[in-house]
$ cat target-v1.cif   # mmCIF, C-alpha atoms
data_model
loop_
_atom_site.label_atom_id
_atom_site.label_comp_id
_atom_site.auth_asym_id
_atom_site.auth_seq_id
_atom_site.Cartn_x
_atom_site.Cartn_y
_atom_site.Cartn_z
CA MET I 1 7.98 19.87 -12.36
CA ILE I 2 10.54 19.88 -9.52
CA SER I 3 13.85 18.06 -9.58
CA VAL I 4 16.11 17.90 -6.53
CA GLU I 5 19.50 16.31 -7.24
CA HIS I 6 22.08 15.33 -4.60
CA LEU I 7 21.18 18.26 -2.38
CA THR I 8 23.49 18.77 0.61
CA LYS I 9 23.59 21.51 3.22
CA CYS I 10 26.26 21.68 5.89
CA TYR I 11 26.73 24.06 8.80
CA GLY I 12 30.33 23.54 9.79
CA ASP I 13 30.66 19.92 10.87
CA PHE I 14 26.89 19.42 11.05
CA THR I 15 25.11 18.10 7.93
CA ALA I 16 21.46 19.21 7.94
CA VAL I 17 20.64 17.72 4.51
CA GLU I 18 22.66 14.91 2.99
CA ASP I 19 22.64 13.88 -0.68
CA LEU I 20 18.87 14.38 -1.06
CA SER I 21 17.33 13.53 -4.45
CA PHE I 22 13.69 13.31 -5.59
CA GLU I 23 11.35 14.45 -8.37
CA ILE I 24 7.86 15.89 -8.06
CA GLY I 25 5.38 15.92 -10.92
CA GLU I 26 2.84 18.62 -11.68
CA GLY I 27 -0.39 18.71 -9.72
CA HIS I 28 -1.46 16.99 -6.49
CA VAL I 29 -0.54 17.58 -2.87
CA TYR I 30 2.79 16.32 -1.56
CA GLY I 31 3.54 15.96 2.14
CA PHE I 32 7.05 16.51 3.43
CA LEU I 33 7.08 14.49 6.63
CA GLY I 34 9.75 14.13 9.28
CA PRO I 35 10.49 14.61 12.98
CA ASN I 36 11.62 17.98 14.31
CA GLY I 37 15.19 18.66 13.20
CA ALA I 38 15.01 16.23 10.26
CA GLY I 39 15.93 18.89 7.69
CA LYS I 40 12.49 19.74 6.31
CA SER I 41 12.66 23.53 6.69
CA THR I 42 16.24 23.63 5.45
CA THR I 43 15.29 21.72 2.31
CA MET I 44 12.26 23.91 1.64
CA ASN I 45 14.27 27.10 2.12
CA ILE I 46 16.79 25.84 -0.43
CA MET I 47 14.02 24.81 -2.86
CA THR I 48 12.58 28.34 -2.74
CA GLY I 49 15.96 30.01 -3.18
CA CYS I 50 15.96 31.52 0.33
CA LEU I 51 19.00 29.52 1.39
CA SER I 52 22.14 28.45 -0.41
CA ALA I 53 23.19 24.81 -0.76
CA THR I 54 26.57 23.26 -0.05
CA ALA I 55 26.13 20.97 -3.05
CA GLY I 56 23.46 19.78 -5.47
CA HIS I 57 20.80 21.30 -7.72
CA VAL I 58 17.15 22.28 -7.52
CA ARG I 59 15.28 22.80 -10.80
CA ILE I 60 11.76 24.19 -11.09
CA ASP I 61 10.29 23.34 -14.49
CA GLY I 62 13.84 23.08 -15.83
CA TYR I 63 15.09 26.36 -14.31
CA ASP I 64 17.93 26.02 -11.80
CA ILE I 65 17.02 27.89 -8.60
CA PHE I 66 20.65 29.04 -8.22
CA ASP I 67 21.63 29.75 -11.85
CA GLU I 68 18.27 31.18 -13.03
CA PRO I 69 16.65 32.41 -9.82
CA ASP I 70 14.35 35.02 -11.41
CA LYS I 71 12.71 32.49 -13.75
CA ALA I 72 12.53 29.74 -11.14
CA LYS I 73 11.14 31.88 -8.33
CA LYS I 74 8.31 33.20 -10.51
CA LEU I 75 6.94 29.67 -10.51
CA ILE I 76 6.96 29.37 -6.69
CA GLY I 77 4.68 30.70 -3.97
CA TYR I 78 6.12 30.26 -0.47
CA LEU I 79 4.67 30.42 3.01
CA PRO I 80 7.41 30.19 5.70
CA GLU I 81 6.59 28.66 9.07
CA HIS I 82 6.43 32.20 10.47
CA PRO I 83 4.71 34.36 7.80
CA PRO I 84 6.44 37.76 7.31
CA LEU I 85 3.26 39.80 7.83
CA TYR I 86 3.10 43.55 8.47
CA MET I 87 0.76 43.76 11.45
CA ASN I 88 -0.20 47.43 11.06
CA GLU I 89 -1.49 46.89 7.53
CA THR I 90 -4.74 45.38 6.29
CA PRO I 91 -4.63 42.24 4.09
CA VAL I 92 -5.37 44.40 1.03
CA GLU I 93 -2.51 46.78 1.84
CA TYR I 94 -0.12 43.94 2.58
CA LEU I 95 -1.05 42.01 -0.58
CA THR I 96 -0.65 45.19 -2.64
CA PHE I 97 2.90 45.56 -1.34
CA VAL I 98 3.72 41.88 -2.01
CA GLY I 99 2.13 42.01 -5.47
CA GLU I 100 4.17 45.06 -6.44
CA ALA I 101 7.31 43.34 -5.18
CA LYS I 102 6.42 40.46 -7.52
CA GLY I 103 6.13 42.87 -10.46
CA LEU I 104 2.35 43.18 -10.64
CA ARG I 105 0.84 46.56 -11.48
CA GLY I 106 -2.47 48.31 -12.15
CA GLU I 107 -5.52 46.28 -13.09
CA GLU I 108 -3.62 42.99 -13.10
CA LEU I 109 -2.57 43.58 -9.49
CA ARG I 110 -6.10 44.51 -8.42
CA GLN I 111 -7.62 41.43 -10.08
CA GLN I 112 -5.04 39.10 -8.59
CA ILE I 113 -5.55 40.50 -5.09
CA GLU I 114 -9.30 39.94 -5.39
CA LYS I 115 -8.69 36.43 -6.66
CA VAL I 116 -6.30 35.31 -3.90
CA ILE I 117 -8.44 36.92 -1.19
CA ALA I 118 -11.37 34.83 -2.43
CA MET I 119 -9.26 31.68 -2.68
CA ALA I 120 -7.94 32.13 0.87
CA GLY I 121 -11.41 32.91 2.24
CA ILE I 122 -10.56 36.26 3.81
CA GLU I 123 -13.05 38.53 1.99
CA HIS I 124 -14.74 39.70 5.21
CA MET I 125 -11.37 40.34 6.86
CA LYS I 126 -9.58 42.15 4.06
CA HIS I 127 -9.94 45.67 5.55
CA ARG I 128 -9.07 44.76 9.16
CA ARG I 129 -5.60 45.23 10.54
CA ILE I 130 -3.63 42.01 10.40
CA SER I 131 -2.72 42.43 14.07
CA ALA I 132 -6.43 42.04 14.93
CA LEU I 133 -6.84 38.76 13.05
CA SER I 134 -6.75 35.31 14.62
CA LYS I 135 -3.75 33.09 13.93
CA GLY I 136 -5.83 31.06 11.50
CA TYR I 137 -6.67 34.13 9.42
CA LYS I 138 -3.07 35.33 9.59
CA GLN I 139 -2.10 31.98 8.06
CA ARG I 140 -4.71 32.53 5.36
CA VAL I 141 -3.22 35.96 4.59
CA GLY I 142 0.17 34.27 4.33
CA ILE I 143 -1.23 31.70 1.92
CA ALA I 144 -2.86 34.48 -0.11
CA GLN I 145 0.50 36.22 -0.58
CA ALA I 146 1.99 32.90 -1.72
CA LEU I 147 -0.72 32.68 -4.41
CA LEU I 148 0.03 36.12 -5.86
CA GLY I 149 1.72 35.99 -9.25
CA SER I 150 -0.10 32.77 -10.26
CA PRO I 151 2.72 30.40 -9.24
CA ARG I 152 2.47 26.80 -10.37
CA VAL I 153 4.08 25.50 -7.17
CA ILE I 154 2.91 26.35 -3.64
CA ILE I 155 5.32 25.48 -0.80
CA LEU I 156 3.95 25.69 2.75
CA ASP I 157 6.18 25.16 5.78
CA GLU I 158 4.19 23.87 8.78
CA PRO I 159 1.03 25.78 7.78
CA THR I 160 -1.09 24.52 10.71
CA VAL I 161 1.37 25.06 13.58
CA GLY I 162 -0.30 26.79 16.53
CA LEU I 163 -3.83 26.63 15.13
CA ASP I 164 -6.85 25.35 17.03
CA PRO I 165 -8.68 22.22 15.76
CA ILE I 166 -11.29 24.17 13.76
CA GLN I 167 -8.63 26.35 12.11
CA ILE I 168 -6.57 23.24 11.28
CA ILE I 169 -9.54 21.68 9.48
CA GLU I 170 -10.13 24.91 7.55
CA ILE I 171 -6.47 25.15 6.43
CA ARG I 172 -6.47 21.46 5.47
CA ASP I 173 -9.56 22.00 3.29
CA LEU I 174 -7.90 25.02 1.68
CA ILE I 175 -4.74 22.99 0.90
CA LYS I 176 -6.85 20.24 -0.68
CA GLU I 177 -8.60 22.83 -2.84
CA LEU I 178 -5.29 24.38 -3.92
CA GLY I 179 -4.07 20.92 -4.91
CA GLN I 180 -6.68 20.82 -7.67
CA SER I 181 -4.99 23.65 -9.56
CA HIS I 182 -1.42 23.78 -8.20
CA THR I 183 1.43 21.54 -7.17
CA VAL I 184 1.35 21.88 -3.38
CA ILE I 185 4.17 20.82 -1.08
CA PHE I 186 3.72 21.22 2.64
CA SER I 187 5.80 20.09 5.56
CA SER I 188 4.57 18.67 8.82
CA HIS I 189 5.54 16.33 11.64
CA ILE I 190 1.87 15.46 12.28
CA LEU I 191 1.15 12.06 10.75
CA SER I 192 -2.64 12.31 10.69
CA GLU I 193 -2.45 15.66 8.94
CA VAL I 194 -0.25 14.37 6.13
CA GLN I 195 -2.32 11.23 5.73
CA ALA I 196 -5.56 13.24 5.50
CA ILE I 197 -4.36 15.64 2.81
CA CYS I 198 -1.59 14.18 0.68
CA ASP I 199 -1.52 12.18 -2.53
CA GLN I 200 2.19 11.42 -2.07
CA ILE I 201 4.42 11.47 1.01
CA LEU I 202 8.14 12.19 1.23
CA MET I 203 9.62 11.02 4.53
CA ILE I 204 12.89 12.55 5.64
CA ALA I 205 15.02 11.61 8.63
CA HIS I 206 18.46 12.92 9.60
CA GLY I 207 18.60 14.92 6.36
CA LYS I 208 18.03 11.87 4.15
CA LEU I 209 15.02 10.76 2.12
CA VAL I 210 13.84 7.43 3.55
CA ALA I 211 10.57 6.97 1.62
CA PHE I 212 8.54 8.51 -1.21
CA ASP I 213 5.20 6.91 -2.09
CA GLU I 214 1.43 7.01 -1.67
CA PRO I 215 0.25 6.58 1.94
CA LYS I 216 -1.49 3.27 1.21
CA ASN I 217 1.62 1.84 -0.47
CA LEU I 218 3.85 2.87 2.42
CA GLU I 219 1.59 1.01 4.80
CA LYS I 220 1.47 -2.09 2.60
CA GLN I 221 5.08 -2.35 1.49
CA LEU I 222 7.25 -1.03 4.31
CA LEU I 223 5.86 -2.72 7.37
CA SER I 224 7.57 -5.98 8.24
CA SER I 225 4.54 -7.80 9.64
CA ASN I 226 0.88 -7.82 10.51
CA GLU I 227 -0.39 -8.71 13.94
CA ILE I 228 -3.24 -10.73 15.44
CA VAL I 229 -4.56 -9.89 18.89
CA LEU I 230 -5.93 -13.04 20.53
CA VAL I 231 -7.86 -13.40 23.78
CA THR I 232 -8.28 -16.99 25.02
CA ASP I 233 -8.94 -19.05 28.13
CA ALA I 234 -5.70 -20.98 27.52
CA ALA I 235 -2.84 -20.23 29.88
CA GLY I 236 0.67 -19.46 28.64
CA ASP I 237 2.00 -23.02 28.32
CA GLN I 238 -1.26 -24.26 26.84
CA LEU I 239 -1.29 -21.41 24.36
CA ASP I 240 2.27 -22.20 23.28
CA GLN I 241 1.31 -25.82 22.67
CA ILE I 242 -1.69 -24.86 20.53
CA LEU I 243 0.21 -22.29 18.48
CA SER I 244 3.07 -24.71 17.89
CA GLN I 245 0.78 -26.42 15.38
CA VAL I 246 0.53 -23.21 13.32
CA GLY I 247 3.23 -22.17 10.87
CA GLN I 248 4.46 -18.70 9.81
CA ILE I 249 4.27 -17.20 13.29
CA THR I 250 7.33 -15.02 13.85
CA ALA I 251 6.69 -13.88 17.43
CA VAL I 252 4.18 -14.27 20.25
CA SER I 253 3.90 -11.78 23.12
CA VAL I 254 1.72 -12.95 26.00
CA GLY I 255 0.35 -10.58 28.61
CA ALA I 256 -0.55 -11.37 32.20
CA ALA I 257 -3.60 -13.60 32.59
CA GLU I 258 -6.71 -11.96 34.06
CA GLU I 259 -9.82 -13.84 35.21
CA ARG I 260 -8.92 -16.94 33.19
CA ARG I 261 -8.21 -14.77 30.13
CA THR I 262 -4.90 -14.52 28.35
CA THR I 263 -4.15 -11.86 25.75
CA ALA I 264 -1.52 -12.65 23.13
CA HIS I 265 -0.09 -10.54 20.31
CA ILE I 266 0.87 -12.82 17.43
CA LYS I 267 3.12 -11.48 14.67
CA THR I 268 3.46 -13.13 11.30
CA ASP I 269 5.16 -12.83 7.94
CA CYS I 270 2.24 -14.59 6.26
CA ARG I 271 1.19 -12.71 3.14
CA ASP I 272 -2.50 -13.39 3.80
CA ILE I 273 -3.17 -12.80 7.48
CA TYR I 274 -6.66 -14.29 7.08
CA ASP I 275 -5.09 -17.67 6.22
CA LEU I 276 -3.19 -17.51 9.51
CA SER I 277 -6.37 -16.56 11.39
CA ARG I 278 -8.07 -19.62 9.93
CA ALA I 279 -5.14 -21.86 10.93
CA ILE I 280 -5.23 -20.53 14.50
CA PHE I 281 -8.98 -21.11 14.69
CA LEU I 282 -8.59 -24.72 13.50
CA ALA I 283 -5.77 -25.35 15.98
CA PHE I 284 -7.99 -24.18 18.83
CA ALA I 285 -10.88 -26.32 17.51
CA LYS I 286 -8.73 -29.39 18.15
CA SER I 287 -7.96 -28.32 21.74
CA ASP I 288 -9.98 -28.03 24.92
CA HIS I 289 -9.70 -24.25 24.87
CA VAL I 290 -11.64 -21.51 23.13
CA ILE I 291 -10.96 -18.19 21.41
CA LEU I 292 -12.80 -15.45 23.27
CA GLU I 293 -11.74 -12.71 20.91
CA MET I 294 -9.56 -12.41 17.83
CA SER I 295 -8.85 -9.21 15.91
CA LEU I 296 -6.41 -8.08 13.27
CA LYS I 297 -4.05 -5.24 14.02
CA LYS I 298 -2.59 -3.94 10.78
CA GLY I 299 0.24 -1.49 10.48
CA ASN I 300 -0.50 2.17 9.84
CA LEU I 301 1.41 5.23 8.70
CA GLU I 302 2.63 5.90 12.22
CA ASP I 303 4.27 2.45 12.31
CA VAL I 304 5.94 3.15 8.96
CA PHE I 305 7.17 6.52 10.16
CA ILE I 306 8.69 5.10 13.36
CA GLU I 307 10.23 2.15 11.53
CA LEU I 308 11.87 4.28 8.84
CA THR I 309 13.07 7.19 10.96
CA GLU I 310 14.56 4.90 13.60
CA ALA I 311 16.28 2.86 10.90
CA ALA I 312 17.88 5.91 9.25
CA SER I 313 21.60 6.04 9.92
CA ASP I 314 23.78 8.97 11.00
CA GLY I 315 21.44 10.53 13.57
CA ILE I 316 21.58 14.24 14.25
CA ALA I 317 23.24 15.51 17.38
CA PRO I 318 21.00 16.08 20.41
CA GLY I 319 19.46 19.54 20.45
CA GLU I 320 20.17 20.22 16.78
CA SER I 321 17.27 21.53 14.71
CA ASP I 322 16.49 23.25 11.43
CA ASP I 323 16.05 26.52 13.29
CA ALA I 324 19.51 26.24 14.79
CA GLY I 325 20.98 25.57 11.41
CA GLU I 326 19.18 28.42 9.73
CA ALA I 327 20.28 30.77 12.50
CA GLY I 328 23.83 29.69 11.83
CA GLU I 329 23.43 30.49 8.16
CA SER I 330 22.05 33.91 9.07
CA GLU I 331 25.01 34.69 11.27
CA VAL I 332 27.42 33.62 8.53
CA GLY I 333 25.60 35.88 6.11
CA LYS I 334 25.93 38.82 8.50
CA ALA I 335 29.62 38.18 8.91
#
$ encode --input "target-v1.cif" --output "structure tokens"
Amino acid sequence: MISVEHLTKCYGDFTAVEDLSFEIGEGHVYGFLGPNGAGKSTTMNIMTGCLSATAGHVRIDGYDIFDEPDKAKKLIGYLPEHPPLYMNETPVEYLTFVGEAKGLRGEELRQQIEKVIAMAGIEHMKHRRISALSKGYKQRVGIAQALLGSPRVIILDEPTVGLDPIQIIEIRDLIKELGQSHTVIFSSHILSEVQAICDQILMIAHGKLVAFDEPKNLEKQLLSSNEIVLVTDAAGDQLDQILSQVGQITAVSVGAAEERRTTAHIKTDCRDIYDLSRAIFLAFAKSDHVILEMSLKKGNLEDVFIELTEAASDGIAPGESDDAGEAGESEVGKA
């Protein structure tokens, strides 16, 4: 459905996006994850045709966003991080304007407005001024305008920024629902949000794609080790002697002993961490010491994110961000 090939965007000497390539199939919800300043907004603005690229191609269902913009953009609905709403209008008035700009007229326009208002859950707000709506409902109006024209792809840039917890849950549920009938791509730097919603995750760091997979596969495949947390009555030297009988331990971190208790974090490259747990238990059974507590600490998406973003080369300069880059583009355009 979407093909991004060797996409690069430079602002003078600063490279915001570097040789980015990926393909997205039809359907499902895709999360575009990365720290602030990673290049997420720049990439999404290029994908929607709002920003030019220094090099590379973006194709939407085979249509090049630069060579065939009219055909490509008809397939895309876009919600920027800051929705361009007209505060003195009602949602119906605003959506009428947007629909006409998209080429909708007459009965088709009326039916589509009713449809997107229902999909966005703003029926009881449709005749209020947008300025009087909460931020959550303003986001819903923004999503409704993105749905006008029946696009096959919905791109949402940080759709939950600034919302309260209840509004965040509501927008998440709406995104999940849209994913049943559209290809949805949304950006975020909130790990729990992406993990809760997405079928696939694209991780970007320093303008480069560092991972693209299902959340569960990222956790399984990209973490270097699992970890056992052990609490015992054995002191440091005694613990070292017991664990020396156990193979496949890559590192042991021992905390300060408290009330004849020692806590140790044991890392391993063993493929089956339960085999290692059994070996540790048997080693203690042969000693004069006991295991007071033993638990498994497995890697999660946050660990993957930190590992991959820290490993990415060519870090961005301090203080650089997507917003700074886009402002630079705007100034160039004005010149």
$ closest_residue --input "target-v1.cif" --among "I:Glu5, I:Asp275, I:Glu81, I:Glu23" --to "I:Ala53" --atoms "all atoms listed in the file"
I:Glu5
$ residues_around --input "target-v1.cif" --residues "stretch 170-187 of chain I" --least-positions-apart "3" --cutoff "9 Å" --atoms "only C-alpha atoms" --output "PyMOL selection string"
chain I and resi 1+24-34+40-41+44+119-121+136+139-140+151-160+165-167+193-194+196-198
$ atom_distance --input "target-v1.cif" --atom1 "atom CA of I:Ser277" --atom2 "atom CA of I:Leu230"
9.8 Å
$ closest_residue --input "target-v1.cif" --among "I:Phe22, I:Gly49, I:Gly39, I:Ala264" --to "I:Ile201" --atoms "all atoms listed in the file"
I:Phe22
$ closest_residue --input "target-v1.cif" --among "I:Ile306, I:Met87, I:Ile60, I:Ile65" --to "I:Ile204" --atoms "only C-alpha atoms"
I:Ile306
$ closest_atom_pairs --input "target-v1.cif" --of "stretch 122-233 of chain I" --to "stretch 248-262 of chain I" --cutoff "10 Å" --atoms "all atoms listed in the file" --output "CSV"
residue,atom,partner,partner_atom,distance
I:Ser225,CA,I:Thr250,CA,8.8
I:Glu227,CA,I:Ala251,CA,9.4
I:Ile228,CA,I:Val252,CA,9.5
I:Val229,CA,I:Ser253,CA,9.6
I:Leu230,CA,I:Thr262,CA,8.0
I:Val231,CA,I:Thr262,CA,5.6
I:Thr232,CA,I:Thr262,CA,5.3
I:Asp233,CA,I:Arg261,CA,4.8
$ atom_distance --input "target-v1.cif" --atom1 "atom CA of I:Thr263" --atom2 "atom CA of I:Gln241"
15.3 Å
$ decode --input "target-v1.cif" --residues "stretch 140-159 of chain I" --atoms "N, CA, C and O atoms" --output "PDB file, in the first residue's frame"
ATOM      1  N   ARG I 140     -10.767  14.958  17.944  1.00  0.00           N
ATOM      2  CA  ARG I 140     -11.759  14.154  17.220  1.00  0.00           C
ATOM      3  C   ARG I 140     -12.235  14.871  15.951  1.00  0.00           C
ATOM      4  O   ARG I 140     -12.446  14.238  14.921  1.00  0.00           O
ATOM      5  N   VAL I 141     -12.410  16.191  16.052  1.00  0.00           N
ATOM      6  CA  VAL I 141     -12.785  16.955  14.852  1.00  0.00           C
ATOM      7  C   VAL I 141     -11.670  16.851  13.813  1.00  0.00           C
ATOM      8  O   VAL I 141     -11.928  16.691  12.614  1.00  0.00           O
ATOM      9  N   GLY I 142     -10.422  16.931  14.287  1.00  0.00           N
ATOM     10  CA  GLY I 142      -9.293  16.787  13.371  1.00  0.00           C
ATOM     11  C   GLY I 142      -9.263  15.419  12.709  1.00  0.00           C
ATOM     12  O   GLY I 142      -8.969  15.304  11.515  1.00  0.00           O
ATOM     13  N   ILE I 143      -9.569  14.385  13.476  1.00  0.00           N
ATOM     14  CA  ILE I 143      -9.621  13.037  12.890  1.00  0.00           C
ATOM     15  C   ILE I 143     -10.769  12.933  11.902  1.00  0.00           C
ATOM     16  O   ILE I 143     -10.641  12.305  10.839  1.00  0.00           O
ATOM     17  N   ALA I 144     -11.900  13.557  12.220  1.00  0.00           N
ATOM     18  CA  ALA I 144     -13.049  13.531  11.303  1.00  0.00           C
ATOM     19  C   ALA I 144     -12.694  14.148   9.953  1.00  0.00           C
ATOM     20  O   ALA I 144     -13.053  13.611   8.900  1.00  0.00           O
ATOM     21  N   GLN I 145     -11.964  15.274   9.965  1.00  0.00           N
ATOM     22  CA  GLN I 145     -11.589  15.887   8.685  1.00  0.00           C
ATOM     23  C   GLN I 145     -10.636  14.987   7.907  1.00  0.00           C
ATOM     24  O   GLN I 145     -10.661  14.961   6.678  1.00  0.00           O
ATOM     25  N   ALA I 146      -9.804  14.219   8.624  1.00  0.00           N
ATOM     26  CA  ALA I 146      -8.889  13.297   7.939  1.00  0.00           C
ATOM     27  C   ALA I 146      -9.650  12.163   7.267  1.00  0.00           C
ATOM     28  O   ALA I 146      -9.188  11.601   6.268  1.00  0.00           O
ATOM     29  N   LEU I 147     -10.837  11.830   7.790  1.00  0.00           N
ATOM     30  CA  LEU I 147     -11.634  10.726   7.244  1.00  0.00           C
ATOM     31  C   LEU I 147     -12.470  11.140   6.034  1.00  0.00           C
ATOM     32  O   LEU I 147     -12.948  10.273   5.298  1.00  0.00           O
ATOM     33  N   LEU I 148     -12.658  12.450   5.848  1.00  0.00           N
ATOM     34  CA  LEU I 148     -13.442  12.911   4.701  1.00  0.00           C
ATOM     35  C   LEU I 148     -12.776  12.496   3.384  1.00  0.00           C
ATOM     36  O   LEU I 148     -11.551  12.546   3.260  1.00  0.00           O
ATOM     37  N   GLY I 149     -13.580  12.124   2.423  1.00  0.00           N
ATOM     38  CA  GLY I 149     -13.056  11.700   1.133  1.00  0.00           C
ATOM     39  C   GLY I 149     -12.778  10.209   1.061  1.00  0.00           C
ATOM     40  O   GLY I 149     -12.241   9.719   0.058  1.00  0.00           O
ATOM     41  N   SER I 150     -13.112   9.480   2.123  1.00  0.00           N
ATOM     42  CA  SER I 150     -12.926   8.020   2.188  1.00  0.00           C
ATOM     43  C   SER I 150     -11.503   7.594   1.841  1.00  0.00           C
ATOM     44  O   SER I 150     -11.278   6.753   0.969  1.00  0.00           O
ATOM     45  N   PRO I 151     -10.494   8.167   2.503  1.00  0.00           N
ATOM     46  CA  PRO I 151      -9.113   7.767   2.218  1.00  0.00           C
ATOM     47  C   PRO I 151      -8.856   6.346   2.716  1.00  0.00           C
ATOM     48  O   PRO I 151      -9.451   5.897   3.697  1.00  0.00           O
ATOM     49  N   ARG I 152      -7.946   5.667   2.052  1.00  0.00           N
ATOM     50  CA  ARG I 152      -7.589   4.312   2.471  1.00  0.00           C
ATOM     51  C   ARG I 152      -6.505   4.323   3.538  1.00  0.00           C
ATOM     52  O   ARG I 152      -6.325   3.352   4.264  1.00  0.00           O
ATOM     53  N   VAL I 153      -5.760   5.437   3.624  1.00  0.00           N
ATOM     54  CA  VAL I 153      -4.675   5.564   4.589  1.00  0.00           C
ATOM     55  C   VAL I 153      -4.946   6.755   5.500  1.00  0.00           C
ATOM     56  O   VAL I 153      -5.252   7.851   5.017  1.00  0.00           O
ATOM     57  N   ILE I 154      -4.869   6.530   6.825  1.00  0.00           N
ATOM     58  CA  ILE I 154      -5.024   7.603   7.795  1.00  0.00           C
ATOM     59  C   ILE I 154      -3.685   7.783   8.504  1.00  0.00           C
ATOM     60  O   ILE I 154      -3.151   6.831   9.082  1.00  0.00           O
ATOM     61  N   ILE I 155      -3.125   9.001   8.450  1.00  0.00           N
ATOM     62  CA  ILE I 155      -1.845   9.294   9.087  1.00  0.00           C
ATOM     63  C   ILE I 155      -2.074  10.313  10.192  1.00  0.00           C
ATOM     64  O   ILE I 155      -2.590  11.405   9.945  1.00  0.00           O
ATOM     65  N   LEU I 156      -1.725   9.941  11.417  1.00  0.00           N
ATOM     66  CA  LEU I 156      -1.976  10.764  12.592  1.00  0.00           C
ATOM     67  C   LEU I 156      -0.653  11.068  13.286  1.00  0.00           C
ATOM     68  O   LEU I 156       0.060  10.154  13.696  1.00  0.00           O
ATOM     69  N   ASP I 157      -0.338  12.335  13.420  1.00  0.00           N
ATOM     70  CA  ASP I 157       0.921  12.751  14.027  1.00  0.00           C
ATOM     71  C   ASP I 157       0.671  13.135  15.488  1.00  0.00           C
ATOM     72  O   ASP I 157       0.037  14.148  15.767  1.00  0.00           O
ATOM     73  N   GLU I 158       1.152  12.325  16.414  1.00  0.00           N
ATOM     74  CA  GLU I 158       1.014  12.560  17.851  1.00  0.00           C
ATOM     75  C   GLU I 158      -0.441  12.895  18.219  1.00  0.00           C
ATOM     76  O   GLU I 158      -0.731  13.961  18.782  1.00  0.00           O
ATOM     77  N   PRO I 159      -1.389  11.993  17.943  1.00  0.00           N
ATOM     78  CA  PRO I 159      -2.805  12.338  18.135  1.00  0.00           C
ATOM     79  C   PRO I 159      -3.239  12.477  19.587  1.00  0.00           C
ATOM     80  O   PRO I 159      -4.313  13.018  19.847  1.00  0.00           O
TER      81      PRO I 159
END
